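Peer 1: My structure is in model_23.pdb, and what it holds is PDB, C-alpha atoms (C1' of nucleotides):
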MODEL        1
ATOM      1  CA  MET T   1     -20.734   3.279 -22.476
ATOM      2  CA  GLN T   2     -19.648   0.447 -24.759
ATOM      3  CA  GLU T   3     -17.416   2.853 -26.632
ATOM      4  CA  ILE T   4     -15.705   3.856 -23.390
ATOM      5  CA  HIS T   5     -15.174   0.208 -22.490
ATOM      6  CA  GLN T   6     -13.569  -0.513 -25.836
ATOM      7  CA  GLN T   7     -11.397   2.590 -25.849
ATOM      8  CA  ILE T   8      -9.958   2.017 -22.376
ATOM      9  CA  ASN T   9      -9.505  -1.735 -22.793
ATOM     10  CA  HIS T  10      -7.865  -1.186 -26.167
ATOM     11  CA  TRP T  11      -5.636   1.517 -24.734
ATOM     12  CA  TYR T  12      -4.484  -0.904 -22.032
ATOM     13  CA  GLN T  13      -3.605  -3.618 -24.515
ATOM     14  CA  ARG T  14      -1.361  -1.187 -26.335
ATOM     15  CA  ASN T  15       0.116   0.737 -23.393
ATOM     16  CA  ALA T  16       0.203  -1.517 -20.326
ATOM     17  CA  ARG T  17       3.467  -1.812 -18.450
ATOM     18  CA  ASP T  18       5.205  -5.172 -18.566
ATOM     19  CA  LEU T  19       5.097  -5.907 -14.847
ATOM     20  CA  PRO T  20       6.345  -9.353 -13.705
ATOM     21  CA  TRP T  21       3.232 -10.163 -11.661
ATOM     22  CA  ARG T  22       1.119  -9.621 -14.783
ATOM     23  CA  ARG T  23       2.920 -12.178 -16.908
ATOM     24  CA  PRO T  24       1.072 -15.326 -18.016
ATOM     25  CA  GLY T  25       1.286 -18.271 -15.663
ATOM     26  CA  VAL T  26       2.209 -16.398 -12.488
ATOM     27  CA  SER T  27       0.849 -18.010  -9.348
ATOM     28  CA  GLY T  28      -1.847 -16.683  -7.063
ATOM     29  CA  TRP T  29       0.868 -16.278  -4.457
ATOM     30  CA  ALA T  30       2.917 -14.096  -6.810
ATOM     31  CA  VAL T  31      -0.067 -11.837  -7.365
ATOM     32  CA  MET T  32      -0.858 -11.786  -3.671
ATOM     33  CA  VAL T  33       2.684 -10.758  -2.722
ATOM     34  CA  SER T  34       2.581  -7.957  -5.283
ATOM     35  CA  GLU T  35      -0.752  -6.689  -3.958
ATOM     36  CA  PHE T  36       0.534  -6.566  -0.380
ATOM     37  CA  MET T  37       3.671  -4.704  -1.421
ATOM     38  CA  LEU T  38       1.728  -2.295  -3.625
ATOM     39  CA  GLN T  39      -0.519  -1.168  -0.771
ATOM     40  CA  GLN T  40       0.558   2.475  -0.577
ATOM     41  CA  THR T  41       3.981   1.855  -2.145
ATOM     42  CA  PRO T  42       4.881   2.856  -5.752
ATOM     43  CA  VAL T  43       5.546   0.180  -8.392
ATOM     44  CA  VAL T  44       9.182   1.162  -9.035
ATOM     45  CA  ARG T  45      10.105   0.573  -5.419
ATOM     46  CA  VAL T  46       8.215  -2.719  -5.208
ATOM     47  CA  LEU T  47       9.781  -4.324  -8.296
ATOM     48  CA  PRO T  48      13.236  -5.325  -6.924
ATOM     49  CA  VAL T  49      11.877  -6.430  -3.544
ATOM     50  CA  TRP T  50       9.163  -8.529  -5.190
ATOM     51  CA  GLU T  51      11.778 -10.269  -7.386
ATOM     52  CA  GLN T  52      13.940 -11.163  -4.393
ATOM     53  CA  TRP T  53      10.926 -12.213  -2.341
ATOM     54  CA  MET T  54       9.565 -14.564  -5.008
ATOM     55  CA  HIS T  55      13.004 -16.058  -5.621
ATOM     56  CA  ARG T  56      13.449 -16.785  -1.934
ATOM     57  CA  TRP T  57       9.858 -17.772  -1.110
ATOM     58  CA  PRO T  58       8.182 -19.024  -4.305
ATOM     59  CA  ARG T  59       5.303 -20.622  -2.366
ATOM     60  CA  PRO T  60       3.334 -19.622   0.745
ATOM     61  CA  GLN T  61       4.746 -22.568   2.700
ATOM     62  CA  ASP T  62       8.290 -21.355   1.988
ATOM     63  CA  LEU T  63       7.605 -18.078   3.752
ATOM     64  CA  ALA T  64       5.521 -19.739   6.460
ATOM     65  CA  ALA T  65       8.519 -21.900   7.402
ATOM     66  CA  GLU T  66      10.628 -18.821   8.161
ATOM     67  CA  PRO T  67      10.574 -16.705  11.338
ATOM     68  CA  LEU T  68       8.784 -13.372  11.077
ATOM     69  CA  SER T  69      12.080 -11.546  11.502
ATOM     70  CA  GLU T  70      13.233 -12.784   8.093
ATOM     71  CA  ALA T  71      10.083 -11.418   6.458
ATOM     72  CA  LEU T  72      10.568  -8.053   8.161
ATOM     73  CA  LYS T  73      14.173  -7.794   7.061
ATOM     74  CA  ALA T  74      13.377  -8.871   3.501
ATOM     75  CA  TRP T  75      10.629  -6.241   3.448
ATOM     76  CA  GLY T  76      13.411  -3.672   3.676
ATOM     77  CA  ARG T  77      12.379  -0.070   3.263
ATOM     78  CA  LEU T  78       9.046  -0.592   1.537
ATOM     79  CA  GLY T  79       7.354   1.030   4.511
ATOM     80  CA  TYR T  80       4.395  -0.031   6.663
ATOM     81  CA  PRO T  81       6.198  -3.153   7.985
ATOM     82  CA  ARG T  82       2.877  -4.327   9.428
ATOM     83  CA  ARG T  83       2.152  -5.488   5.880
ATOM     84  CA  ALA T  84       5.087  -7.895   6.108
ATOM     85  CA  MET T  85       3.717  -9.231   9.383
ATOM     86  CA  ARG T  86       0.291  -9.737   7.837
ATOM     87  CA  LEU T  87       1.716 -11.388   4.733
ATOM     88  CA  HIS T  88       3.700 -13.791   6.899
ATOM     89  CA  ALA T  89       0.621 -14.575   8.983
ATOM     90  CA  ALA T  90      -1.442 -15.047   5.815
ATOM     91  CA  ALA T  91       1.163 -17.448   4.439
ATOM     92  CA  ILE T  92       0.813 -19.572   7.579
ATOM     93  CA  GLU T  93      -2.978 -19.608   7.265
ATOM     94  CA  ILE T  94      -2.779 -20.564   3.603
ATOM     95  CA  THR T  95      -0.347 -23.352   4.430
ATOM     96  CA  THR T  96      -2.380 -24.804   7.281
ATOM     97  CA  GLN T  97      -5.927 -24.195   6.065
ATOM     98  CA  TYR T  98      -5.644 -24.283   2.291
ATOM     99  CA  ASN T  99      -2.845 -26.794   1.748
ATOM    100  CA  GLY T 100      -0.562 -24.073   0.464
ATOM    101  CA  GLU T 101      -2.907 -22.819  -2.268
ATOM    102  CA  VAL T 102      -3.985 -19.177  -2.239
ATOM    103  CA  PRO T 103      -7.794 -19.349  -2.038
ATOM    104  CA  GLU T 104      -9.804 -18.147  -5.033
ATOM    105  CA  THR T 105     -13.002 -16.715  -3.607
ATOM    106  CA  GLU T 106     -13.266 -13.162  -2.358
ATOM    107  CA  GLN T 107     -14.858 -14.374   0.853
ATOM    108  CA  GLN T 108     -11.952 -16.678   1.666
ATOM    109  CA  LEU T 109      -9.376 -14.113   0.640
ATOM    110  CA  ARG T 110     -11.077 -11.389   2.654
ATOM    111  CA  ALA T 111     -10.650 -13.458   5.820
ATOM    112  CA  LEU T 112      -6.858 -13.518   5.503
ATOM    113  CA  PRO T 113      -4.849 -10.978   7.538
ATOM    114  CA  GLY T 114      -3.983  -7.882   5.517
ATOM    115  CA  VAL T 115      -6.581  -8.607   2.828
ATOM    116  CA  GLY T 116      -9.329  -5.993   2.596
ATOM    117  CA  GLU T 117     -12.012  -5.268   0.002
ATOM    118  CA  TYR T 118      -9.595  -4.086  -2.635
ATOM    119  CA  THR T 119      -6.956  -6.812  -2.265
ATOM    120  CA  ALA T 120      -9.510  -9.631  -2.229
ATOM    121  CA  ALA T 121     -11.152  -8.362  -5.408
ATOM    122  CA  ALA T 122      -7.763  -7.764  -7.054
ATOM    123  CA  ILE T 123      -6.375 -11.248  -6.367
ATOM    124  CA  ALA T 124      -9.598 -12.943  -7.460
ATOM    125  CA  CYS T 125      -9.609 -10.907 -10.678
ATOM    126  CA  PHE T 126      -5.935 -10.717 -11.620
ATOM    127  CA  ALA T 127      -4.836 -14.189 -10.495
ATOM    128  CA  TYR T 128      -7.974 -16.233 -11.099
ATOM    129  CA  GLY T 129      -9.817 -14.346 -13.827
ATOM    130  CA  GLN T 130     -12.913 -13.781 -11.751
ATOM    131  CA  ARG T 131     -15.357 -11.012 -12.420
ATOM    132  CA  THR T 132     -15.026  -8.793  -9.377
ATOM    133  CA  VAL T 133     -15.499  -5.099  -8.683
ATOM    134  CA  VAL T 134     -12.028  -3.696  -8.097
ATOM    135  CA  VAL T 135     -11.907  -0.230  -6.524
ATOM    136  CA  ASP T 136      -8.525   1.276  -5.795
ATOM    137  CA  THR T 137      -7.280   4.851  -5.611
ATOM    138  CA  ASN T 138      -6.600   4.965  -9.371
ATOM    139  CA  ILE T 139     -10.032   3.646 -10.311
ATOM    140  CA  ARG T 140     -11.712   5.985  -7.836
ATOM    141  CA  ARG T 141      -9.969   8.956  -9.418
ATOM    142  CA  VAL T 142     -10.767   7.933 -13.014
ATOM    143  CA  HIS T 143     -14.423   7.383 -12.117
ATOM    144  CA  ALA T 144     -14.611  10.689 -10.242
ATOM    145  CA  ARG T 145     -13.373  12.554 -13.315
ATOM    146  CA  LEU T 146     -14.745  10.556 -16.223
ATOM    147  CA  PHE T 147     -18.232   9.995 -14.780
ATOM    148  CA  GLY T 148     -18.483  12.410 -11.856
ATOM    149  CA  GLY T 149     -16.934  15.543 -13.330
ATOM    150  CA  MET T 150     -14.870  16.002 -10.174
ATOM    151  CA  ALA T 151     -11.146  16.784  -9.947
ATOM    152  CA  LEU T 152     -10.598  14.182  -7.247
ATOM    153  CA  PRO T 153     -12.664  11.578  -5.388
ATOM    154  CA  GLU T 154     -13.649  12.108  -1.764
ATOM    155  CA  PRO T 155     -10.818  11.617   0.750
ATOM    156  CA  ASN T 156     -12.418   8.406   2.007
ATOM    157  CA  PRO T 157     -14.170   5.829  -0.221
ATOM    158  CA  ARG T 158     -17.975   5.947  -0.193
ATOM    159  CA  ALA T 159     -20.406   3.103  -0.681
ATOM    160  CA  SER T 160     -21.769   4.945  -3.697
ATOM    161  CA  GLU T 161     -18.410   4.573  -5.424
ATOM    162  CA  PHE T 162     -18.593   0.784  -5.238
ATOM    163  CA  ALA T 163     -22.116   0.907  -6.600
ATOM    164  CA  ARG T 164     -20.995   3.092  -9.490
ATOM    165  CA  ALA T 165     -17.971   0.896 -10.166
ATOM    166  CA  LYS T 166     -20.268  -2.100 -10.505
ATOM    167  CA  GLN T 167     -22.692  -0.110 -12.632
ATOM    168  CA  VAL T 168     -20.128   1.003 -15.210
ATOM    169  CA  GLN T 169     -18.540  -2.423 -15.743
ATOM    170  CA  PRO T 170     -18.878  -4.150 -19.128
ATOM    171  CA  GLU T 171     -21.475  -6.903 -19.262
ATOM    172  CA  GLU T 172     -19.349  -9.609 -20.771
ATOM    173  CA  HIS T 173     -17.061 -11.512 -18.395
ATOM    174  CA  SER T 174     -13.658 -11.195 -20.059
ATOM    175  CA  SER T 175     -14.258  -7.542 -20.905
ATOM    176  CA  ALA T 176     -15.253  -6.805 -17.320
ATOM    177  CA  ASN T 177     -12.168  -8.617 -16.099
ATOM    178  CA  LEU T 178      -9.913  -6.613 -18.394
ATOM    179  CA  TRP T 179     -11.747  -3.395 -17.507
ATOM    180  CA  ASN T 180     -10.572  -3.565 -13.886
ATOM    181  CA  ILE T 181      -6.878  -3.551 -14.730
ATOM    182  CA  SER T 182      -7.317  -1.192 -17.667
ATOM    183  CA  VAL T 183      -8.971   1.568 -15.648
ATOM    184  CA  MET T 184      -6.414   1.108 -12.908
ATOM    185  CA  GLU T 185      -3.553   1.449 -15.392
ATOM    186  CA  LEU T 186      -5.167   4.493 -16.981
ATOM    187  CA  GLY T 187      -5.271   6.135 -13.578
ATOM    188  CA  ALA T 188      -1.656   5.216 -12.866
ATOM    189  CA  LEU T 189      -0.220   6.426 -16.187
ATOM    190  CA  ILE T 190      -2.577   9.057 -17.667
ATOM    191  CA  CYS T 191      -5.293  10.146 -15.258
ATOM    192  CA  THR T 192      -2.813  10.884 -12.479
ATOM    193  CA  ALA T 193      -3.531  12.817  -9.305
ATOM    194  CA  ARG T 194      -1.300  15.738 -10.257
ATOM    195  CA  SER T 195      -0.750  16.966 -13.819
ATOM    196  CA  PRO T 196      -2.941  14.417 -15.607
ATOM    197  CA  LYS T 197      -1.926  13.759 -19.230
ATOM    198  CA  CYS T 198      -5.318  14.536 -20.724
ATOM    199  CA  ASP T 199      -3.891  14.994 -24.226
ATOM    200  CA  ALA T 200      -2.988  11.301 -24.216
ATOM    201  CA  CYS T 201      -6.290  10.102 -22.749
ATOM    202  CA  PRO T 202      -8.277   7.600 -24.838
ATOM    203  CA  VAL T 203     -11.592   8.857 -23.436
ATOM    204  CA  TYR T 204     -10.929  12.586 -23.444
ATOM    205  CA  GLU T 205     -14.071  13.184 -25.525
ATOM    206  CA  HIS T 206     -16.221  11.464 -22.902
ATOM    207  CA  CYS T 207     -14.699  12.957 -19.763
ATOM    208  CA  ALA T 208     -17.228  14.752 -17.546
ATOM    209  CA  TRP T 209     -14.441  16.634 -15.791
ATOM    210  CA  ILE T 210     -13.150  18.026 -19.100
ATOM    211  CA  LYS T 211     -16.690  18.937 -20.145
ATOM    212  CA  ALA T 212     -17.147  20.784 -16.848
ATOM    213  CA  GLY T 213     -14.045  22.855 -17.521
ATOM    214  CA  GLN T 214     -11.670  20.952 -15.218
ATOM    215  CA  PRO T 215     -12.900  22.455 -11.934
ATOM    216  CA  ALA T 216     -10.407  22.466  -9.049
ATOM    217  CA  PRO T 217     -10.668  20.021  -6.110
ATOM    218  CA  HIS T 218     -13.377  20.973  -3.615
ATOM    219  CA  TYR T 219     -11.222  20.195  -0.601
ATOM    220  CA  ALA T 220      -7.631  20.638   0.580
ATOM    221  CA  PRO T 221      -5.474  17.604   1.409
ATOM    222  CA  LYS T 222      -4.877  17.064   5.091
ATOM    223  CA  GLY T 223      -1.280  16.031   5.204
ATOM    224  CA  GLN T 224       0.203  13.948   7.966
ATOM    225  CA  ALA T 225       2.633  15.226  10.546
ATOM    226  CA  TRP T 226       5.949  13.467  10.488
ATOM    227  CA  LYS T 227       8.777  15.543  11.889
ATOM    228  CA  GLY T 228       9.087  15.076  15.618
ATOM    229  CA  THR T 229       6.434  12.375  15.881
ATOM    230  CA  ASP T 230       6.606   8.938  17.453
ATOM    231  CA  ARG T 231       6.097   7.620  13.966
ATOM    232  CA  GLN T 232       9.364   9.095  12.773
ATOM    233  CA  VAL T 233      11.266   7.571  15.687
ATOM    234  CA  ARG T 234       9.560   4.234  15.143
ATOM    235  CA  GLY T 235      10.852   4.241  11.579
ATOM    236  CA  ALA T 236      14.348   4.850  12.891
ATOM    237  CA  MET T 237      13.911   2.004  15.387
ATOM    238  CA  MET T 238      12.925  -0.419  12.658
ATOM    239  CA  ALA T 239      15.852   0.644  10.485
ATOM    240  CA  ILE T 240      18.246  -0.210  13.317
ATOM    241  CA  LEU T 241      16.609  -3.564  13.976
ATOM    242  CA  ARG T 242      16.583  -4.499  10.281
ATOM    243  CA  ALA T 243      20.299  -3.826  10.076
ATOM    244  CA  HIS T 244      21.149  -6.467  12.698
ATOM    245  CA  GLU T 245      21.140 -10.215  12.213
ATOM    246  CA  GLU T 246      21.013 -10.887  15.950
ATOM    247  CA  PRO T 247      18.968  -9.408  18.806
ATOM    248  CA  VAL T 248      20.110  -5.867  19.453
ATOM    249  CA  LEU T 249      21.651  -4.932  22.782
ATOM    250  CA  ARG T 250      20.034  -1.989  24.527
ATOM    251  CA  GLU T 251      23.260   0.013  24.530
ATOM    252  CA  THR T 252      23.772  -0.544  20.821
ATOM    253  CA  PHE T 253      20.189   0.370  20.084
ATOM    254  CA  LEU T 254      20.290   3.625  22.049
ATOM    255  CA  THR T 255      23.638   4.605  20.570
ATOM    256  CA  ASP T 256      22.404   4.014  17.029
ATOM    257  CA  LEU T 257      19.187   5.913  17.715
ATOM    258  CA  ALA T 258      21.169   8.852  19.108
ATOM    259  CA  LEU T 259      23.460   8.776  16.087
ATOM    260  CA  GLN T 260      20.408   9.170  13.878
ATOM    261  CA  GLY T 261      19.544  12.387  15.663
ATOM    262  CA  HIS T 262      17.014  11.142  18.210
ATOM    263  CA  GLY T 263      19.051  11.854  21.331
ATOM    264  CA  ASP T 264      16.515  14.411  22.495
ATOM    265  CA  TYR T 265      13.754  11.894  22.028
ATOM    266  CA  ILE T 266      15.659   9.341  24.111
ATOM    267  CA  ALA T 267      16.049  11.867  26.907
ATOM    268  CA  LEU T 268      12.477  13.151  26.719
ATOM    269  CA  HIS T 269      10.956   9.699  26.912
ATOM    270  CA  LYS T 270      13.598   8.228  29.212
ATOM    271  CA  LEU T 271      14.362   5.501  26.712
ATOM    272  CA  ASP T 272      17.548   4.780  28.611
ATOM    273  CA  ALA T 273      15.747   4.267  31.900
ATOM    274  CA  PRO T 274      15.015   0.755  33.160
ATOM    275  CA  LEU T 275      11.920  -0.810  31.692
ATOM    276  CA  GLU T 276       9.972  -0.591  34.953
ATOM    277  CA  GLN T 277      10.474   3.163  35.166
ATOM    278  CA  ARG T 278       9.225   3.982  31.724
ATOM    279  CA  GLU T 279       6.092   5.947  31.429
ATOM    280  CA  ARG T 280       2.939   4.375  30.206
ATOM    281  CA  ALA T 281       3.074   6.368  26.971
ATOM    282  CA  LEU T 282       6.516   5.050  26.230
ATOM    283  CA  ALA T 283       5.439   1.503  26.938
ATOM    284  CA  GLY T 284       2.691   2.064  24.406
ATOM    285  CA  LEU T 285       5.133   3.323  21.838
ATOM    286  CA  LEU T 286       7.414   0.359  22.371
ATOM    287  CA  SER T 287       4.627  -2.186  22.238
ATOM    288  CA  ASP T 288       3.258  -0.575  19.083
ATOM    289  CA  GLY T 289       6.508   0.055  17.259
ATOM    290  CA  LEU T 290       8.750  -2.672  18.523
ATOM    291  CA  ALA T 291       6.070  -5.317  18.504
ATOM    292  CA  LEU T 292       7.241  -5.870  14.960
ATOM    293  CA  ALA T 293      10.642  -6.875  16.236
ATOM    294  CA  GLU T 294       9.470  -8.468  19.464
ATOM    295  CA  GLU T 295       7.319 -10.990  17.688
ATOM    296  CA  ALA T 296      10.089 -11.622  15.238
ATOM    297  CA  GLY T 297      12.617 -12.511  17.873
ATOM    298  CA  ILE T 298      14.786  -9.460  17.271
ATOM    299  CA  ARG T 299      14.326  -7.750  20.600
ATOM    300  CA  LEU T 300      15.941  -5.591  23.168
ATOM    301  CA  PRO T 301      17.210  -7.478  26.205
ATOM    302  CA  SER T 302      14.887  -6.770  29.143
TER     303      SER T 302
ATOM    304  C1'  DG J   1     -15.576   6.734  10.260
ATOM    305  C1'  DA J   2     -11.696   9.415  11.096
ATOM    306  C1'  DG J   3      -7.010   8.663  12.296
ATOM    307  C1'  DC J   4      -3.113   6.057  12.258
ATOM    308  C1'  DC J   5       0.408   3.023  10.137
ATOM    309  C1'  DG J   6       6.648   4.043   6.770
ATOM    310  C1'  DT J   7       9.234   5.519   3.112
ATOM    311  C1'  DG J   8      11.131   8.030  -0.692
ATOM    312  C1'  DG J   9      10.548  10.471  -5.113
ATOM    313  C1'  DG J  10       8.623  14.122  -8.012
ATOM    314  C1'  DG J  11       6.380  18.580  -8.699
TER     315       DG J  11
ATOM    316  C1'  DT B   1      12.508  23.326   0.258
ATOM    317  C1'  DC B   2       8.415  21.430   1.290
ATOM    318  C1'  DC B   3       4.583  18.725   0.650
ATOM    319  C1'  DC B   4       1.696  15.648  -1.833
ATOM    320  C1'  DC B   5       1.286  11.133  -3.230
ATOM    321  C1'  DA B   6       1.696   6.034  -3.778
ATOM    322  C1'  DA B   7      -2.574  -1.154  -6.509
ATOM    323  C1'  DG B   8      -5.036  -0.080   1.584
ATOM    324  C1'  DG B   9      -6.041  -2.195   6.028
ATOM    325  C1'  DC B  10      -7.284  -1.959  10.689
ATOM    326  C1'  DT B  11      -9.340  -0.028  14.882
TER     327       DT B  11
ENDMDL
END
Spell out the structure here as structure tokens.
Peer 2:
Amino acid sequence: MQEIHQQINHWYQRNARDLPWRRPGVSGWAVMVSEFMLQQTPVVRVLPVWEQWMHRWPRPQDLAAEPLSEALKAWGRLGYPRRAMRLHAAAIEITTQYNGEVPETEQQLRALPGVGEYTAAAIACFAYGQRTVVVDTNIRRVHARLFGGMALPEPNPRASEFARAKQVQPEEHSSANLWNISVMELGALICTARSPKCDACPVYEHCAWIKAGQPAPHYAPKGQAWKGTDRQVRGAMMAILRAHEEPVLRETFLTDLALQGHGDYIALHKLDAPLEQRERALAGLLSDGLALAEEAGIRLPS
DNA sequence: GAGCCGTGGGG
DNA sequence: TCCCCAAGGCT
């Protein structure tokens, strides 16, 4: 196991990407912002938004002083705008409860909105050098192959994966700390979900999946419906709202939505009917989707 | 615990 | 073209 530790950690030191949130001296806030943006969004799309975000709001209190609408608009097209809402709310908590300093313990981090098991462990490790057990989708996949002999991990994380992740960590503190980011990077660059670059893998000789003859995945991906769903229309709604500095008039909103090809949806759900006449399902859609804008002060006139 | 929450690029 | 996938979190 020590040989695997050394090979992967050494590989990282020679092949890691030069990402701005990894540079020496970056703040806990800088790391935290990157972790929020990287939740289900690829690095290349996060990079420019992160740069602008950190330039505009270099400290939690800078973001906390702004209305939510500014955070949502600055979030742009990263997707899952709820993350921007949670980051804004977290910035307020950090400002009021922690005097503007991103907390360092996993327990404190875990209590912040938008911070789950992974993000708490990642911030504590990457920003504060703590020895934590980081388990993300990359690490899960590397472990599943290297130690489990499987093509892919289970669709949903299991408790046994956290136990194994802790088990396979190096003993020594700094090595364990480096191990987290090294395995993650290996999964992102070499041990990828599709077409892994096994010929460039530093631990090819140790890989249980290779030894097993690279068996195929034992399950088929589910896939999420998109076309024709409320979710698709909600995305269109947010795009319209982001594009306006001021609250959007109902007529403008409906016209823009129709121009984006959702005229049938407007008719089907009576979006152009008075608020009181809307069906309960529509009210649910609006409260779910437009809550983002409502709370931000960019709203439809009632 | 399964399903939902946006968006765009690569295979 | 279509569909999988991306440093998850929340209910």
Peer 1: For chain J against chain T, which residues fall within 8 Å using all atoms listed in the file, given as a PyMOL selection string?
Peer 2: chain J and resi 5-7
Peer 1: What are the residues of chain B lining chain T at 8 Å or less? Count all atoms listed in the file, and put the answer as a ChimeraX atom specification.
Peer 2: /B:3-9
Peer 1: Take atom CA of T:Gln167 and atom CA of T:Arg145 and report the distance between them in Å, one decimal.
Peer 2: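 Taking atom CA of T:Gln167 and atom CA of T:Arg145, their separation equals 15.7 Å.
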Peer 1: If you measure from atom CA of T:Gly228 to atom CA of T:Leu241, what distance in Å do you get, rounded to one decimal?
Peer 2: 20.2 Å
Peer 1: To one decimal place, how far is atom CA of T:Val102 from atom CA of T:Ala176 in Å?
Peer 2: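 About the pair atom CA of T:Val102 and atom CA of T:Ala176: they are 22.5 Å apart.
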Peer 1: Could you check the closest approach to T:Gln107 for each of T:Thr255, T:Gln52, T:Gln169, T:Thr132 and tell me which residue wins, using only C-alpha atoms?
Peer 2: T:Thr132
Peer 1: Compare T:Gly263, T:Val44, T:Glu3, T:Phe126 by their minimum atom-to-atom distance to J:DG8, counting all atoms listed in the file, and give me the closest one.
Peer 2: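 Once distances to J:DG8 are computed over all atoms listed in the file, the minimum belongs to T:Val44.
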Peer 1: Just the residues within 12 Å of J:DG1, please, counting only C-alpha atoms (C1' of nucleotides), with nothing from its chain fewer than 3 positions along; format it as a PDB file with C-alpha atoms (C1' of nucleotides), keeping the file's coordinate frame.
Peer 2:
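Final file, out-v8.pdb:
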ATOM      1  CA  PRO T 155     -10.818  11.617   0.750  1.00  0.00           C
ATOM      2  CA  ASN T 156     -12.418   8.406   2.007  1.00  0.00           C
ATOM      3  CA  PRO T 157     -14.170   5.829  -0.221  1.00  0.00           C
ATOM      4  CA  ARG T 158     -17.975   5.947  -0.193  1.00  0.00           C
TER       5      ARG T 158
ATOM      6  C1'  DT B  11      -9.340  -0.028  14.882  1.00  0.00           C
TER       7       DT B  11
END
Peer 1: Would you give the centre and edge lengths, in Å to one decimal, of a box along x, y and z around the listed atoms of chain J, with 3 Å added to each side, as lines of an AutoDock Vina configuration file?
Peer 2:
center_x = -2.2
center_y = 10.8
center_z = 1.8
size_x = 32.7
size_y = 21.6
size_z = 27.0
Peer 1: Please identify all polymer residues lying at most 12 Å from the point (-12.9, -1.8, -24.8) (file coordinates), using all atoms listed in the file, and present the result as a VMD selection string.
Peer 2: chain T and resid 1 to 14 169 to 172 174 to 183 202 to 203
Peer 1: Just the selected residues (C-alpha atoms), exported as a compact mmCIF listing (two decimals), in the coordinates of the input, please.
Peer 2:
# COMPACT_ATOMS: atom_id res chain seq x y z
CA MET T 1 -20.73 3.28 -22.48
CA GLN T 2 -19.65 0.45 -24.76
CA GLU T 3 -17.42 2.85 -26.63
CA ILE T 4 -15.70 3.86 -23.39
CA HIS T 5 -15.17 0.21 -22.49
CA GLN T 6 -13.57 -0.51 -25.84
CA GLN T 7 -11.40 2.59 -25.85
CA ILE T 8 -9.96 2.02 -22.38
CA ASN T 9 -9.51 -1.74 -22.79
CA HIS T 10 -7.86 -1.19 -26.17
CA TRP T 11 -5.64 1.52 -24.73
CA TYR T 12 -4.48 -0.90 -22.03
CA GLN T 13 -3.60 -3.62 -24.52
CA ARG T 14 -1.36 -1.19 -26.34
CA GLN T 169 -18.54 -2.42 -15.74
CA PRO T 170 -18.88 -4.15 -19.13
CA GLU T 171 -21.48 -6.90 -19.26
CA GLU T 172 -19.35 -9.61 -20.77
CA SER T 174 -13.66 -11.20 -20.06
CA SER T 175 -14.26 -7.54 -20.90
CA ALA T 176 -15.25 -6.80 -17.32
CA ASN T 177 -12.17 -8.62 -16.10
CA LEU T 178 -9.91 -6.61 -18.39
CA TRP T 179 -11.75 -3.40 -17.51
CA ASN T 180 -10.57 -3.56 -13.89
CA ILE T 181 -6.88 -3.55 -14.73
CA SER T 182 -7.32 -1.19 -17.67
CA VAL T 183 -8.97 1.57 -15.65
CA PRO T 202 -8.28 7.60 -24.84
CA VAL T 203 -11.59 8.86 -23.44
Peer 1: List the neighbours of T:Ile210 out to 10 Å using only C-alpha atoms (C1' of nucleotides); skip same-chain residues closer than 5 positions along the sequence, and give me the result as a list in words.
Peer 2: Arg145, Leu146, Gly149, Met150, Ala151, Cys198, Tyr204, Glu205 and Pro215 of chain T
